[in-house]
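Peer 1: Mind having a look at this structure? Questions to follow.
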Amino acid sequence: MITGVNHIGIAVKDLNNSISVFSKILGTDKYHTETVAEQKVNVASFNIGGVLIELTAPTSEDSPIAKFIEKKGEGIHHIGFESDNVKDELVRLKNDGLQLIDNEPRFGAHEMLIAFLHPKSTNSVLTEICQHK
Ligand code: ZN
């Protein structure tokens, strides 16, 4: 079952610059940073009313985020919907005709299990399903 919006991922070139921009927008300088080696990104997350705004900057030119920025520029990258069981969710979504990028959940930021749906089948919105471990 989808239980809410967990986070909104935003692709940025310069993490420190974006932290400063979003600190102003959100009126807080409280955020959490981490490196997700598997995705070759640094992430800064602001928790606003339980929804994370995840600023994501590439650490390498072959990072998926670097490729996204090259193609589309900076901006909203994906929406992460929280589920209580991402594995069951993937079966449900596949049966409903949606195209999966990840057939099996993998580990993402914040120690969550994550899986992406293909934007071709989701109105071009890169969509992630995630679950706390
Ligand atoms: Zn995400």
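We name chains A, B, ... following the order of the structure tokens; residues begin at 1 in each chain, and ligands are numbered from 1 as shown.
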Within 9 Å of ligand 1, counting only C-alpha atoms and all ligand atoms: which residues, as a PyMOL selection string?
Peer 2: chain A and resi 6-9+54+77-81+108-109+114-116+127-130
Peer 1: Hey, what's within 12 Å of Thr122 (chain A) if we count only C-alpha atoms and toss same-chain stuff fewer than 2 positions away? As a PyMOL selection string, please?
Peer 2: chain A and resi 78-79+93+96-101+116-120+124-128
Peer 1: Could you tell me which of A:Lys13, A:Lys72, A:Arg106, A:Lys24 comes closest to Glu38 (chain A) if we count only C-alpha atoms?
Peer 2: A:Arg106
Peer 1: Which of these, A:Ala57, A:Glu82, A:His32, A:Leu113, has the shortest distance to Ser45 (chain A) once you count only C-alpha atoms?
Peer 2: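 Nearest to Ser45 (chain A): A:His32.
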Peer 1: May I ask for the distance between CA of Ala66 (chain A) and CA of His132 (chain A), given in Å to one decimal place?
Peer 2: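 Pair CA of Ala66 (chain A) / CA of His132 (chain A) returns 26.4 Å.
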Peer 1: Please provide as number ranges by chain all residues within 7 Å of Val41 (chain A), with the sequence filter that same-chain residues fewer than 4 positions apart are discarded (counting only C-alpha atoms).
Peer 2: A: 35-37, 56-59, 63
Peer 1: When you draw a straight line from CA of Pro64 (chain A) to CA of Lys40 (chain A), how long is it in Å?
Peer 2: 7.8 Å
Peer 1: I need the residues of region 48-101 of chain A that end up classed as strand (DSSP E) by DSSP on the backbone, written out as a compact mmCIF listing (two decimals) with N, CA, C and O atoms, in the first residue's frame.
Peer 2:
# COMPACT_ATOMS: atom_id res chain seq x y z
N ILE A 48 10.57 18.62 5.61
CA ILE A 48 9.52 19.63 5.74
C ILE A 48 8.19 18.92 5.92
O ILE A 48 7.68 18.30 4.98
N VAL A 51 8.00 15.36 4.71
CA VAL A 51 8.42 15.09 3.32
C VAL A 51 9.84 15.62 3.14
O VAL A 51 10.14 16.74 3.53
N LEU A 52 10.70 14.79 2.59
CA LEU A 52 12.08 15.21 2.39
C LEU A 52 12.25 15.88 1.03
O LEU A 52 11.76 15.38 0.02
N ILE A 53 12.92 17.01 1.06
CA ILE A 53 13.35 17.64 -0.19
C ILE A 53 14.81 17.24 -0.35
O ILE A 53 15.66 17.64 0.45
N GLU A 54 15.07 16.39 -1.32
CA GLU A 54 16.41 15.80 -1.48
C GLU A 54 17.16 16.47 -2.63
O GLU A 54 16.88 16.21 -3.80
N LEU A 55 18.11 17.32 -2.25
CA LEU A 55 18.97 17.93 -3.26
C LEU A 55 20.06 16.92 -3.59
O LEU A 55 20.74 16.42 -2.68
N THR A 56 20.21 16.59 -4.85
CA THR A 56 21.11 15.50 -5.25
C THR A 56 22.10 15.99 -6.29
O THR A 56 21.69 16.44 -7.37
N ALA A 57 23.38 15.93 -5.95
CA ALA A 57 24.41 16.40 -6.87
C ALA A 57 25.34 15.25 -7.24
O ALA A 57 25.69 14.42 -6.37
N PRO A 58 25.74 15.17 -8.50
CA PRO A 58 26.63 14.07 -8.93
C PRO A 58 28.04 14.23 -8.35
O PRO A 58 28.51 15.36 -8.16
N GLY A 75 16.72 20.46 -11.91
CA GLY A 75 15.29 20.53 -11.64
C GLY A 75 14.78 19.28 -10.95
O GLY A 75 15.57 18.44 -10.52
N ILE A 76 13.44 19.18 -10.90
CA ILE A 76 12.83 18.04 -10.21
C ILE A 76 13.20 16.76 -10.95
O ILE A 76 13.04 16.67 -12.18
N HIS A 77 13.72 15.81 -10.23
CA HIS A 77 14.21 14.57 -10.82
C HIS A 77 13.22 13.42 -10.64
O HIS A 77 12.89 12.72 -11.57
N HIS A 78 12.72 13.25 -9.41
CA HIS A 78 11.74 12.18 -9.19
C HIS A 78 10.92 12.42 -7.94
O HIS A 78 11.27 13.23 -7.09
N ILE A 79 9.81 11.68 -7.85
CA ILE A 79 8.98 11.67 -6.64
C ILE A 79 9.11 10.29 -6.01
O ILE A 79 9.05 9.28 -6.71
N GLY A 80 9.33 10.26 -4.70
CA GLY A 80 9.43 9.00 -3.97
C GLY A 80 8.17 8.77 -3.15
O GLY A 80 7.89 9.51 -2.21
N PHE A 81 7.38 7.76 -3.55
CA PHE A 81 6.19 7.40 -2.79
C PHE A 81 6.56 6.30 -1.80
O PHE A 81 7.23 5.32 -2.17
N GLU A 82 6.10 6.46 -0.58
CA GLU A 82 6.41 5.45 0.44
C GLU A 82 5.38 4.33 0.41
O GLU A 82 4.18 4.57 0.24
N SER A 83 5.88 3.12 0.59
CA SER A 83 5.02 1.94 0.65
C SER A 83 5.38 1.15 1.90
O SER A 83 6.50 1.24 2.40
Peer 1: Calculate how many Å separate CA of Leu26 (chain A) from CA of Ile69 (chain A), rounding to one decimal.
Peer 2: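 Result for CA of Leu26 (chain A) versus CA of Ile69 (chain A): 23.4 Å, one decimal.
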Peer 1: With distances taken over only C-alpha atoms, which residue among A:Phe107, A:Val43, A:Glu34, A:Glu61 lies nearest Leu15 (chain A)?
Peer 2: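 That would be A:Val43, the residue with the smallest distance to Leu15 (chain A).
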Peer 1: Could you go through chain A and tell me which residues DSSP, when run on the backbone, assigns to alpha helix (DSSP H), listing them as JSON, numbers by chain?
Peer 2: {"A": [15, 16, 17, 18, 19, 20, 21, 22, 23, 24, 25, 26, 64, 65, 66, 67, 68, 69, 70, 71, 72, 86, 87, 88, 89, 90, 91, 92, 93, 94, 95]}
Peer 1: Taking only C-alpha atoms into account, name the residue in A:Asp29, A:Asp14, A:Asp88, A:Glu70 that is nearest to Ile2 (chain A).
Peer 2: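 Distance minimum relative to Ile2 (chain A) lands on A:Asp88.
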Peer 1: Which of these, A:Asp84, A:Glu104, A:Glu89, A:Asp62, has the shortest distance to Thr3 (chain A) once you count only C-alpha atoms?
Peer 2: A:Asp84
